[in-house]
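Okay, structure-v3.cif is below, mmCIF, C-alpha atoms and all ligand atoms:
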```
data_model
#
loop_
_atom_site.label_atom_id
_atom_site.label_comp_id
_atom_site.auth_asym_id
_atom_site.auth_seq_id
_atom_site.Cartn_x
_atom_site.Cartn_y
_atom_site.Cartn_z
CA MET A 16 1.66 -21.85 -22.58
CA ARG A 17 5.35 -21.12 -21.98
CA LYS A 18 6.41 -22.14 -18.46
CA PRO A 19 7.65 -19.21 -16.32
CA GLU A 20 11.31 -19.08 -15.28
CA PRO A 21 11.63 -18.56 -11.50
CA LEU A 22 13.45 -15.38 -10.43
CA VAL A 23 13.90 -16.38 -6.81
CA GLU A 24 14.60 -19.68 -5.02
CA ILE A 25 14.29 -20.99 -1.49
CA LEU A 26 17.75 -21.85 -0.17
CA SER A 27 16.66 -23.52 3.07
CA THR A 28 13.87 -23.73 5.61
CA GLY A 29 13.66 -24.12 9.38
CA ARG A 30 11.06 -24.50 12.12
CA TYR A 31 10.78 -24.00 15.85
CA LEU A 32 8.03 -25.35 18.09
CA PRO A 33 7.90 -24.62 21.82
CA ASP A 34 8.33 -27.79 23.95
CA GLN A 35 5.03 -27.75 25.81
CA ILE A 36 2.25 -29.85 24.21
CA VAL A 37 -1.40 -29.35 25.19
CA THR A 38 -3.70 -32.18 24.10
CA ASN A 39 -7.44 -32.00 23.53
CA ASP A 40 -7.87 -34.02 26.72
CA ASP A 41 -5.85 -31.41 28.62
CA LEU A 42 -8.22 -28.72 27.31
CA SER A 43 -11.28 -30.75 28.24
CA LYS A 44 -10.14 -30.57 31.89
CA ARG A 45 -10.14 -26.74 31.68
CA MET A 46 -13.30 -26.09 29.63
CA ASP A 47 -16.47 -27.72 28.34
CA THR A 48 -15.02 -29.49 25.29
CA SER A 49 -13.82 -32.97 24.30
CA ASP A 50 -11.25 -34.70 22.13
CA GLU A 51 -14.19 -36.15 20.19
CA TRP A 52 -15.64 -32.70 19.32
CA ILE A 53 -12.33 -31.07 18.45
CA HIS A 54 -10.95 -34.00 16.46
CA SER A 55 -14.13 -34.75 14.51
CA ARG A 56 -14.65 -31.05 13.57
CA THR A 57 -11.02 -30.10 12.87
CA GLY A 58 -8.63 -33.09 12.84
CA ILE A 59 -6.64 -31.47 15.67
CA ARG A 60 -5.32 -33.70 18.50
CA GLN A 61 -2.81 -31.38 20.18
CA ARG A 62 -0.96 -28.07 19.84
CA HIS A 63 2.30 -26.57 21.14
CA ILE A 64 1.99 -23.65 23.54
CA ALA A 65 4.84 -21.26 24.36
CA PRO A 66 5.33 -20.48 28.06
CA ASP A 67 5.48 -16.94 29.50
CA GLY A 68 8.82 -15.43 28.58
CA VAL A 69 9.06 -17.23 25.22
CA ASN A 70 7.85 -14.59 22.81
CA THR A 71 7.02 -14.41 19.11
CA ALA A 72 10.53 -13.09 18.37
CA ASP A 73 12.11 -16.05 20.21
CA LEU A 74 10.04 -18.54 18.18
CA GLY A 75 10.93 -16.74 14.95
CA ALA A 76 14.64 -16.53 15.79
CA GLY A 77 14.65 -20.27 16.59
CA ALA A 78 13.24 -21.13 13.15
CA ALA A 79 15.57 -18.67 11.39
CA ARG A 80 18.67 -20.10 13.11
CA ARG A 81 17.79 -23.55 11.77
CA ALA A 82 17.36 -22.19 8.22
CA MET A 83 20.67 -20.28 8.41
CA GLU A 84 22.55 -23.33 9.76
CA LYS A 85 21.21 -25.52 6.96
CA ALA A 86 22.21 -23.03 4.25
CA GLY A 87 25.53 -22.12 5.86
CA ILE A 88 24.55 -18.44 5.88
CA ASP A 89 26.03 -16.14 8.56
CA PRO A 90 23.81 -13.53 10.25
CA GLY A 91 25.82 -10.72 8.65
CA GLU A 92 24.95 -11.96 5.15
CA VAL A 93 21.20 -11.36 5.54
CA ASP A 94 20.02 -8.15 3.80
CA VAL A 95 16.31 -8.13 4.70
CA ILE A 96 14.28 -9.75 7.50
CA VAL A 97 10.54 -10.01 6.92
CA VAL A 98 8.55 -11.27 9.91
CA CYS A 99 5.01 -12.36 9.15
CA THR A 100 2.94 -12.34 12.31
CA SER A 101 -0.49 -11.62 13.78
CA THR A 102 0.96 -11.76 17.27
CA PRO A 103 3.64 -9.05 17.42
CA ASP A 104 5.39 -8.91 20.79
CA ARG A 105 4.64 -5.20 21.05
CA TRP A 106 2.65 -2.80 18.85
CA MET A 107 5.82 -0.84 18.28
CA PRO A 108 8.50 -1.48 17.07
CA ALA A 109 8.13 -4.34 14.58
CA THR A 110 8.85 -7.82 15.95
CA ALA A 111 11.28 -8.18 13.02
CA CYS A 112 13.58 -5.69 14.77
CA ASP A 113 13.61 -7.85 17.91
CA VAL A 114 14.35 -10.90 15.73
CA GLN A 115 17.20 -9.01 14.05
CA ALA A 116 18.72 -8.22 17.46
CA LEU A 117 18.39 -11.84 18.61
CA LEU A 118 20.03 -13.16 15.43
CA GLY A 119 22.72 -10.49 15.18
CA CYS A 120 21.87 -9.71 11.55
CA SER A 121 23.51 -6.30 11.81
CA ASN A 122 23.51 -5.60 8.04
CA ALA A 123 19.78 -6.23 7.55
CA PHE A 124 16.75 -3.99 7.58
CA ALA A 125 13.74 -5.56 9.24
CA PHE A 126 9.98 -5.09 9.17
CA ASP A 127 6.74 -6.97 9.80
CA VAL A 128 4.08 -8.10 7.33
CA MET A 129 0.57 -8.57 8.67
CA ALA A 130 -1.51 -10.89 6.52
CA ALA A 131 -2.62 -13.36 9.23
CA CYS A 132 -2.63 -17.00 8.09
CA SER A 133 -1.60 -16.03 4.53
CA GLY A 134 1.39 -14.11 5.90
CA PHE A 135 4.14 -16.47 4.77
CA MET A 136 2.94 -16.31 1.18
CA TYR A 137 2.79 -12.52 1.26
CA GLY A 138 6.26 -12.53 2.86
CA LEU A 139 7.68 -14.71 0.09
CA SER A 140 6.31 -12.35 -2.54
CA VAL A 141 7.86 -9.34 -0.75
CA ALA A 142 11.20 -11.20 -0.73
CA GLU A 143 10.78 -11.99 -4.42
CA GLY A 144 10.44 -8.25 -5.15
CA TYR A 145 13.61 -7.23 -3.25
CA LEU A 146 15.66 -10.03 -4.81
CA ALA A 147 14.35 -9.71 -8.37
CA SER A 148 14.97 -5.94 -8.36
CA GLY A 149 18.55 -6.51 -7.24
CA ARG A 150 18.06 -4.57 -3.99
CA ALA A 151 18.99 -7.58 -1.83
CA GLU A 152 21.03 -10.79 -2.14
CA ILE A 153 19.67 -12.79 0.82
CA VAL A 154 16.21 -12.36 2.35
CA LEU A 155 15.00 -14.11 5.49
CA VAL A 156 11.24 -14.65 5.65
CA ILE A 157 9.99 -15.74 9.06
CA ALA A 158 6.44 -16.60 10.08
CA ALA A 159 6.12 -16.64 13.86
CA GLU A 160 2.99 -16.82 15.97
CA LYS A 161 2.28 -16.94 19.67
CA MET A 162 -1.44 -17.44 19.08
CA SER A 163 -1.96 -18.46 22.72
CA SER A 164 -1.35 -14.81 23.71
CA ILE A 165 -4.29 -13.43 21.68
CA LEU A 166 -6.87 -16.19 22.22
CA ASN A 167 -9.90 -15.86 24.43
CA TRP A 168 -9.45 -18.93 26.62
CA ASN A 169 -13.10 -18.59 27.69
CA ASP A 170 -14.30 -18.99 24.08
CA ARG A 171 -14.16 -22.71 23.36
CA SER A 172 -15.21 -22.18 19.74
CA THR A 173 -11.88 -20.49 18.90
CA CYS A 174 -9.26 -21.26 21.56
CA VAL A 175 -9.14 -25.00 20.82
CA LEU A 176 -8.20 -24.38 17.18
CA PHE A 177 -4.83 -22.63 17.43
CA GLY A 178 -1.24 -23.29 18.48
CA ASP A 179 2.15 -21.56 18.71
CA GLY A 180 5.17 -22.04 16.45
CA ALA A 181 7.39 -20.59 13.76
CA GLY A 182 8.79 -21.42 10.34
CA ALA A 183 11.42 -19.64 8.24
CA ALA A 184 12.92 -19.62 4.76
CA LEU A 185 16.05 -18.06 3.27
CA LEU A 186 15.71 -16.82 -0.30
CA ARG A 187 18.14 -15.71 -3.02
CA ARG A 188 17.97 -15.06 -6.76
CA ALA A 189 17.49 -18.23 -8.78
CA ASN A 190 20.18 -17.28 -11.36
CA GLY A 191 18.89 -19.74 -13.94
CA SER A 192 18.74 -22.73 -11.54
CA GLY A 193 15.12 -23.37 -12.60
CA ARG A 194 14.20 -23.71 -8.90
CA GLY A 195 11.97 -21.35 -6.97
CA ILE A 196 8.71 -19.43 -7.16
CA LEU A 197 6.96 -20.27 -10.44
CA SER A 198 3.73 -18.41 -9.74
CA ALA A 199 1.91 -16.45 -7.06
CA HIS A 200 -1.74 -15.50 -6.79
CA LEU A 201 -2.50 -13.28 -3.78
CA ARG A 202 -5.81 -11.67 -2.89
CA SER A 203 -7.54 -9.78 -0.04
CA ASP A 204 -11.11 -8.76 0.75
CA GLY A 205 -11.32 -6.16 3.50
CA ASN A 206 -15.13 -6.14 3.28
CA LEU A 207 -15.08 -9.39 5.24
CA ALA A 208 -12.61 -8.27 7.93
CA HIS A 209 -15.23 -8.66 10.67
CA LEU A 210 -15.40 -12.44 10.19
CA LEU A 211 -12.02 -12.98 11.85
CA CYS A 212 -10.45 -10.18 13.85
CA ARG A 213 -9.45 -8.68 17.17
CA PRO A 214 -12.24 -6.06 17.31
CA ALA A 215 -10.64 -3.63 19.79
CA GLY A 216 -7.31 -2.67 21.28
CA GLY A 217 -6.03 -0.79 18.22
CA ALA A 218 -6.47 2.81 17.12
CA ILE A 219 -10.26 2.46 16.52
CA GLU A 220 -10.88 1.56 20.14
CA PRO A 221 -7.77 1.60 22.31
CA ILE A 222 -7.46 -0.72 25.28
CA SER A 223 -9.80 0.23 28.12
CA LYS A 224 -11.26 -1.47 31.15
CA ARG A 225 -14.40 -2.17 29.11
CA VAL A 226 -12.50 -3.68 26.17
CA LEU A 227 -10.66 -5.97 28.59
CA GLU A 228 -13.85 -6.97 30.43
CA GLU A 229 -15.57 -7.81 27.15
CA ALA A 230 -12.42 -9.56 25.84
CA ARG A 231 -12.70 -7.65 22.54
CA HIS A 232 -8.91 -7.30 22.30
CA LEU A 233 -8.77 -11.05 21.65
CA VAL A 234 -9.55 -13.19 18.58
CA HIS A 235 -13.16 -13.25 17.46
CA MET A 236 -14.21 -15.57 14.64
CA GLU A 237 -17.43 -16.45 12.85
CA GLY A 238 -16.30 -20.01 12.24
CA ARG A 239 -18.88 -21.24 9.72
CA GLU A 240 -18.58 -18.15 7.47
CA VAL A 241 -14.79 -18.35 7.60
CA PHE A 242 -14.98 -22.03 6.71
CA LYS A 243 -17.10 -21.39 3.60
CA ASN A 244 -14.90 -18.52 2.40
CA ALA A 245 -11.73 -20.50 3.07
CA VAL A 246 -12.76 -23.41 0.85
CA ARG A 247 -13.99 -21.18 -1.97
CA SER A 248 -10.99 -18.84 -1.94
CA MET A 249 -8.32 -21.50 -1.60
CA ALA A 250 -9.80 -23.53 -4.45
CA GLU A 251 -9.83 -20.44 -6.68
CA ALA A 252 -6.27 -19.50 -5.67
CA CYS A 253 -4.98 -23.01 -6.49
CA ASP A 254 -6.56 -22.79 -9.97
CA GLN A 255 -5.03 -19.37 -10.61
CA ALA A 256 -1.55 -20.30 -9.38
CA LEU A 257 -1.54 -23.49 -11.47
CA GLN A 258 -2.72 -21.62 -14.53
CA GLN A 259 -0.02 -18.94 -14.13
CA ALA A 260 2.62 -21.68 -13.83
CA GLY A 261 1.28 -23.36 -16.99
CA MET A 262 0.47 -26.50 -15.01
CA THR A 263 -2.41 -28.70 -13.97
CA ALA A 264 -3.00 -30.51 -10.68
CA ASP A 265 -1.44 -33.64 -12.23
CA ASP A 266 1.93 -31.85 -12.37
CA ILE A 267 1.92 -31.26 -8.60
CA ASP A 268 3.96 -33.61 -6.40
CA LEU A 269 2.77 -32.19 -3.08
CA LEU A 270 0.05 -29.80 -1.95
CA VAL A 271 1.08 -27.95 1.23
CA PRO A 272 -2.03 -26.13 2.43
CA HIS A 273 -2.56 -23.88 5.44
CA GLN A 274 -3.30 -26.14 8.39
CA ALA A 275 -6.50 -24.79 9.94
CA ASN A 276 -8.87 -27.72 9.72
CA VAL A 277 -8.54 -31.09 8.01
CA ARG A 278 -12.04 -30.73 6.53
CA ILE A 279 -11.00 -27.46 4.84
CA ILE A 280 -7.82 -29.17 3.60
CA GLU A 281 -9.79 -32.12 2.17
CA ALA A 282 -12.29 -29.85 0.44
CA THR A 283 -9.50 -27.67 -1.03
CA ALA A 284 -7.59 -30.73 -2.29
CA LYS A 285 -10.76 -32.08 -3.87
CA TYR A 286 -11.50 -28.82 -5.70
CA ALA A 287 -7.86 -28.47 -6.75
CA GLY A 288 -7.90 -32.05 -8.08
CA VAL A 289 -5.03 -33.27 -5.88
CA PRO A 290 -5.51 -36.70 -4.20
CA MET A 291 -5.03 -36.78 -0.41
CA GLU A 292 -1.89 -38.98 -0.77
CA LYS A 293 -0.26 -35.89 -2.27
CA VAL A 294 -1.39 -33.52 0.50
CA PHE A 295 0.76 -32.67 3.52
CA VAL A 296 -1.20 -32.67 6.78
CA ASN A 297 0.15 -31.91 10.26
CA VAL A 298 -2.80 -30.01 11.76
CA ASP A 299 -3.35 -33.00 14.08
CA ARG A 300 -0.05 -32.21 15.89
CA TYR A 301 0.04 -28.41 15.81
CA GLY A 302 -3.46 -26.97 15.31
CA ASN A 303 -3.66 -23.73 13.36
CA MET A 304 -0.39 -21.79 13.75
CA SER A 305 -1.63 -19.01 11.45
CA SER A 306 1.20 -17.80 9.15
CA ALA A 307 3.62 -20.40 10.59
CA SER A 308 1.54 -23.35 9.38
CA VAL A 309 2.79 -23.36 5.76
CA PRO A 310 6.55 -22.95 6.44
CA VAL A 311 6.50 -25.51 9.26
CA ALA A 312 4.72 -27.95 6.93
CA LEU A 313 7.22 -27.24 4.12
CA ASP A 314 10.15 -27.83 6.48
CA GLU A 315 8.69 -31.14 7.70
CA ALA A 316 7.86 -32.26 4.15
CA LEU A 317 11.48 -31.59 3.11
CA GLU A 318 12.79 -33.48 6.14
CA GLN A 319 10.49 -36.43 5.37
CA LYS A 320 11.68 -36.35 1.73
CA ARG A 321 8.16 -35.75 0.47
CA ILE A 322 9.74 -32.79 -1.34
CA GLY A 323 13.03 -33.38 -3.17
CA PRO A 324 15.02 -31.89 -6.06
CA GLY A 325 12.69 -31.06 -8.96
CA SER A 326 9.48 -31.47 -6.92
CA HIS A 327 6.58 -29.20 -7.83
CA VAL A 328 4.83 -27.94 -4.71
CA LEU A 329 1.53 -26.09 -4.55
CA THR A 330 1.07 -24.04 -1.36
CA VAL A 331 -2.15 -22.31 -0.44
CA ALA A 332 -3.34 -20.31 2.56
CA PHE A 333 -6.29 -18.32 3.84
CA GLY A 334 -6.88 -16.11 6.85
CA ALA A 335 -7.99 -12.88 8.50
CA GLY A 336 -8.27 -9.83 6.29
CA LEU A 337 -9.63 -11.71 4.57
CA THR A 338 -6.41 -12.67 2.83
CA TRP A 339 -5.60 -15.68 0.71
CA GLY A 340 -3.16 -16.90 -1.87
CA ALA A 341 -1.42 -19.80 -3.58
CA MET A 342 2.02 -20.39 -5.07
CA VAL A 343 3.65 -23.01 -7.24
CA LEU A 344 7.25 -23.72 -6.23
CA ARG A 345 9.88 -25.92 -7.89
CA TRP A 346 12.54 -27.42 -5.62
O1 LIG A 401 -7.01 -19.86 9.28
C1 LIG A 401 -8.36 -19.63 9.13
C2 LIG A 401 -8.89 -19.58 10.49
N1 LIG A 401 -10.07 -20.25 10.85
C3 LIG A 401 -10.58 -21.39 10.36
O2 LIG A 401 -10.13 -21.97 9.45
C4 LIG A 401 -11.79 -21.90 11.04
C5 LIG A 401 -12.90 -22.19 10.08
N2 LIG A 401 -14.06 -22.79 10.75
C6 LIG A 401 -14.04 -24.04 11.25
O3 LIG A 401 -13.05 -24.73 11.16
C7 LIG A 401 -15.31 -24.57 11.85
O4 LIG A 401 -16.38 -23.70 11.56
C8 LIG A 401 -15.22 -24.78 13.40
C9 LIG A 401 -14.24 -25.90 13.70
C10 LIG A 401 -14.78 -23.50 14.08
C11 LIG A 401 -16.58 -25.18 13.94
O5 LIG A 401 -17.02 -26.35 13.30
P1 LIG A 401 -18.54 -26.52 12.84
O6 LIG A 401 -18.71 -27.87 12.31
O7 LIG A 401 -18.82 -25.33 11.96
O8 LIG A 401 -19.25 -26.42 14.22
P2 LIG A 401 -20.60 -25.74 14.46
O9 LIG A 401 -20.37 -24.25 14.45
O10 LIG A 401 -21.63 -26.33 13.59
O11 LIG A 401 -20.87 -26.25 15.93
C12 LIG A 401 -21.23 -25.39 16.85
C13 LIG A 401 -21.67 -26.19 18.07
C14 LIG A 401 -22.32 -25.22 19.03
O12 LIG A 401 -23.25 -25.94 19.79
P3 LIG A 401 -24.85 -25.86 19.41
O13 LIG A 401 -25.18 -24.41 19.45
O14 LIG A 401 -24.97 -26.44 18.03
O15 LIG A 401 -25.49 -26.69 20.48
C15 LIG A 401 -21.18 -24.84 19.90
O16 LIG A 401 -21.58 -24.41 21.16
O17 LIG A 401 -20.54 -26.75 18.71
C16 LIG A 401 -20.39 -26.14 20.00
N3 LIG A 401 -18.97 -25.95 20.22
C17 LIG A 401 -18.21 -26.80 20.92
N4 LIG A 401 -18.49 -27.94 21.55
C18 LIG A 401 -17.48 -28.57 22.16
C19 LIG A 401 -18.19 -24.94 19.74
N5 LIG A 401 -16.93 -25.13 20.15
C20 LIG A 401 -16.92 -26.27 20.85
C21 LIG A 401 -15.89 -26.97 21.54
N6 LIG A 401 -16.22 -28.12 22.15
N7 LIG A 401 -14.61 -26.56 21.53
#
```
Let me see whether you can do it: turn the structure in this file into structure tokens.
Amino acid sequence: MRKPEPLVEILSTGRYLPDQIVTNDDLSKRMDTSDEWIHSRTGIRQRHIAPDGVNTADLGAGAARRAMEKAGIDPGEVDVIVVCTSTPDRWMPATACDVQALLGCSNAFAFDVMAACSGFMYGLSVAEGYLASGRAEIVLVIAAEKMSSILNWNDRSTCVLFGDGAGAALLRRANGSGRGILSAHLRSDGNLAHLLCRPAGGAIEPISKRVLEEARHLVHMEGREVFKNAVRSMAEACDQALQQAGMTADDIDLLVPHQANVRIIEATAKYAGVPMEKVFVNVDRYGNMSSASVPVALDEALEQKRIGPGSHVLTVAFGAGLTWGAMVLRW
């Protein structure tokens, strides 16, 4: 099979994590849980939590500034800002508009993409479309999540799993460099939306005293069902993305999976045929940062030189929607 020629490349990446770290032991002082339970079930040891006043847009702008500094791109050069988030600062307008104002990207148009934990991958594919069609020269894709603001802190089965943070990437046309997005396989299944959602607080059932009392405006998850679907869908997405790129798992230098649970990561790597030495894991330090997990992991892997020029990277994610997807990237 002829290998695809990438249309779009990633110029630079950046990340931003709020300073405050909350360990499993800290949580066990506030609720009936333990480091032993959380770590053995998920691999998580700690997460970063943004304080009041540090919002999703602030996290996203922090990550974007790092990416722009690294690439030497001025705010005025950005044509499109895509913010992937499940934790918008307000329901209207898009958080991307707040990010635009913070960054001073006065020539850009800005909008949000909502695909939960798969958001960054959906965002990259949106950027690919604008760039490949010639409608933009520079696109900023940001994944920013203040998960702590939508968690039910009385539900120990979900609140211990997530953390706050943001990652960003600047993209431009590949222009024959050979670097960039080699393949993308994205899927959704709205029939399973109920497995992971915020049941109320939107148009179906606006916020009311009852919604607040029952905490139905916050994250609800059927953990075991999500777990099963995550492993199955991510394995299938890896296969499809590799096939589209004309590659096998042996061609992959690093697998950068969504960081929800180390057991899900291990099972996905096993199905995909990638040994754990070639898998990037940071869920122990950050927990599940939803859409921000993949770009933060990519940025750290680049910094640690686990990704270098010519590296083939397989990324894969899964989340509420349900949504999932995988991409093969060449650096
Ligand atoms: O980005 C995608 C988003 N979500 C995910 O990826 C999450 C996918 N699901 C998972 O990762 C796992 O299902 C969990 C980590 C959420 C749960 O792990 P599990 O091995 O499926 O646990 P379980 O459901 O078998 O364990 C439940 C037990 C219950 O006790 P009983 O009824 O068996 O006595 C819970 O009450 O564990 C108890 N439990 C806890 N105990 C201590 C639930 N949460 C906690 C907690 N600390 N934080």
| task | With a distance cut-off of 8 Å and all atoms listed in the file, select the neighbouring residues of Asn167 in chain A, excluding the residue or stretch itself and same-chain residues fewer than 6 positions from it, and output the selection as a ChimeraX atom specification. | result | /A:173-174,230,233-234
| message | I'd like to know which of A:Arg81, A:Arg188, A:Lys18, A:Arg278 is closest to Asp299 in chain A, using all atoms listed in the file. | response |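 Ranking A:Arg81, A:Arg188, A:Lys18, A:Arg278 by distance to Asp299 in chain A, first place goes to A:Arg278.
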| task | Could you tell me which of A:His63, A:Lys285, A:Arg321, A:Lys44 comes closest to ligand LIG 401 (chain A) if we count all atoms listed in the file? | result |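 With all atoms listed in the file as the atom set, the closest residue is A:Lys44.
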| Nearest residue to ligand LIG 401 (chain A) from the set A:Gly180, A:Pro66, A:Pro310, A:Gly302 (distances using only C-alpha atoms and all ligand atoms) |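 Closest to ligand LIG 401 (chain A) of all the choices is A:Gly302.
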| task | Check which residues fall inside 6 Å of ligand LIG 401 (chain A) when counting only C-alpha atoms and all ligand atoms, and print them as a list in words. | result |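 Here is the list of contacting residues: Thr48, Ser49, Trp52, Ile53, Arg56, Thr57, Cys132, Arg171, Ser172, Val175, Gly238, Arg239, Val241, Phe242, Ala275, Asn276, Ser305, Phe333 and Gly334 of chain A.
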| task | Write out as a list in words which residues come within 12 Å of range 146-151 of chain A when counting only C-alpha atoms, dropping same-chain ones fewer than 5 positions away. | result | Pro21, Leu22, Val23, Glu24, Ile25, Glu92, Val93, Asp94, Val95, Ile96, Asn122, Ala123, Phe124, Leu139, Ser140, Val141, Leu185, Leu186, Arg187, Arg188, Ala189, Asn190, Gly195 and Ile196 of chain A
| query | When you draw a straight line from CA of Cys99 in chain A to CA of Arg194 in chain A, how long is it in Å? | reply |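 Computing the Euclidean distance for CA of Cys99 in chain A and CA of Arg194 in chain A yields 23.2 Å.
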| request: Have a look at A:Asp268, A:Glu281, A:Glu143, A:Glu292 and name the one nearest to Gly323 in chain A; count all atoms listed in the file. | output: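 Of A:Asp268, A:Glu281, A:Glu143, A:Glu292, the one nearest Gly323 in chain A is A:Asp268, counting all atoms listed in the file.
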| message | Counting all atoms listed in the file, find residues at most 8 Å from (15.6, -12.4, 20.4) (file frame) and give them as a VMD selection string. | response | chain A and resid 72 to 73 76 113 to 118
Would you mind listing what lies within 9 Å of Lys293 in chain A as a CSV table (one decimal) with C-alpha atoms, in the coordinates of the input, with all atoms listed in the file counted and same-chain residues fewer than 6 positions away left out?
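Output saved as selection.csv:
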```
chain,number,residue,atom,x,y,z
A,267,ILE,CA,1.9,-31.3,-8.6
A,268,ASP,CA,4.0,-33.6,-6.4
A,269,LEU,CA,2.8,-32.2,-3.1
A,270,LEU,CA,0.0,-29.8,-2.0
A,271,VAL,CA,1.1,-28.0,1.2
A,284,ALA,CA,-7.6,-30.7,-2.3
A,321,ARG,CA,8.2,-35.8,0.5
```
| said: Counting all atoms listed in the file, find residues at most 7 Å from (3.2, -23.9, -11.5) (file frame) and give them as a list of chain:residue names. | reply: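 Here the neighbourhood of the point contains A:Leu197, A:Ser198, A:Ala256, A:Leu257, A:Gln259, A:Ala260, A:Gly261, A:Met262, A:Val343, A:Leu344.
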| query | Can you tell me, as a PyMOL selection string, what residues are no more than 7 Å from Cys253 in chain A when counting all atoms listed in the file, ignoring any on the same chain fewer than 4 positions away? | reply | chain A and resi 249+257+287+331+341
| request: Identify which of the residues A:Thr283, A:Glu318, A:Cys120, A:Ser308 lies closest to Ile88 in chain A, counting only C-alpha atoms when measuring atom-to-atom distances. | output: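 Looking at the shortest contact to Ile88 in chain A, the residue is A:Cys120.
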| field | Selected residue, from A:Val328, A:Leu42, A:Ala130, A:Ala158, that lies nearest to Ala78 in chain A when counting all atoms listed in the file | value |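 Nearest candidate to Ala78 in chain A out of A:Val328, A:Leu42, A:Ala130, A:Ala158: A:Ala158.
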| task | For CA of Ala250 in chain A and CA of Glu237 in chain A, quote the distance in Å rounded to one decimal. | result |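 Pair CA of Ala250 in chain A / CA of Glu237 in chain A returns 20.2 Å.
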| request: Please indicate the distance in Å from CA of Ile36 in chain A to CA of Ala316 in chain A, rounded to one decimal place. | output: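 Computing it gives 21.0 Å between the two atoms.
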| message | What's around Thr263 in chain A at 9 Å? Count all atoms listed in the file, leave out sequence neighbours fewer than 5 positions away in its own chain, and write the answer as a ChimeraX atom specification. | response | /A:254,257-258,288
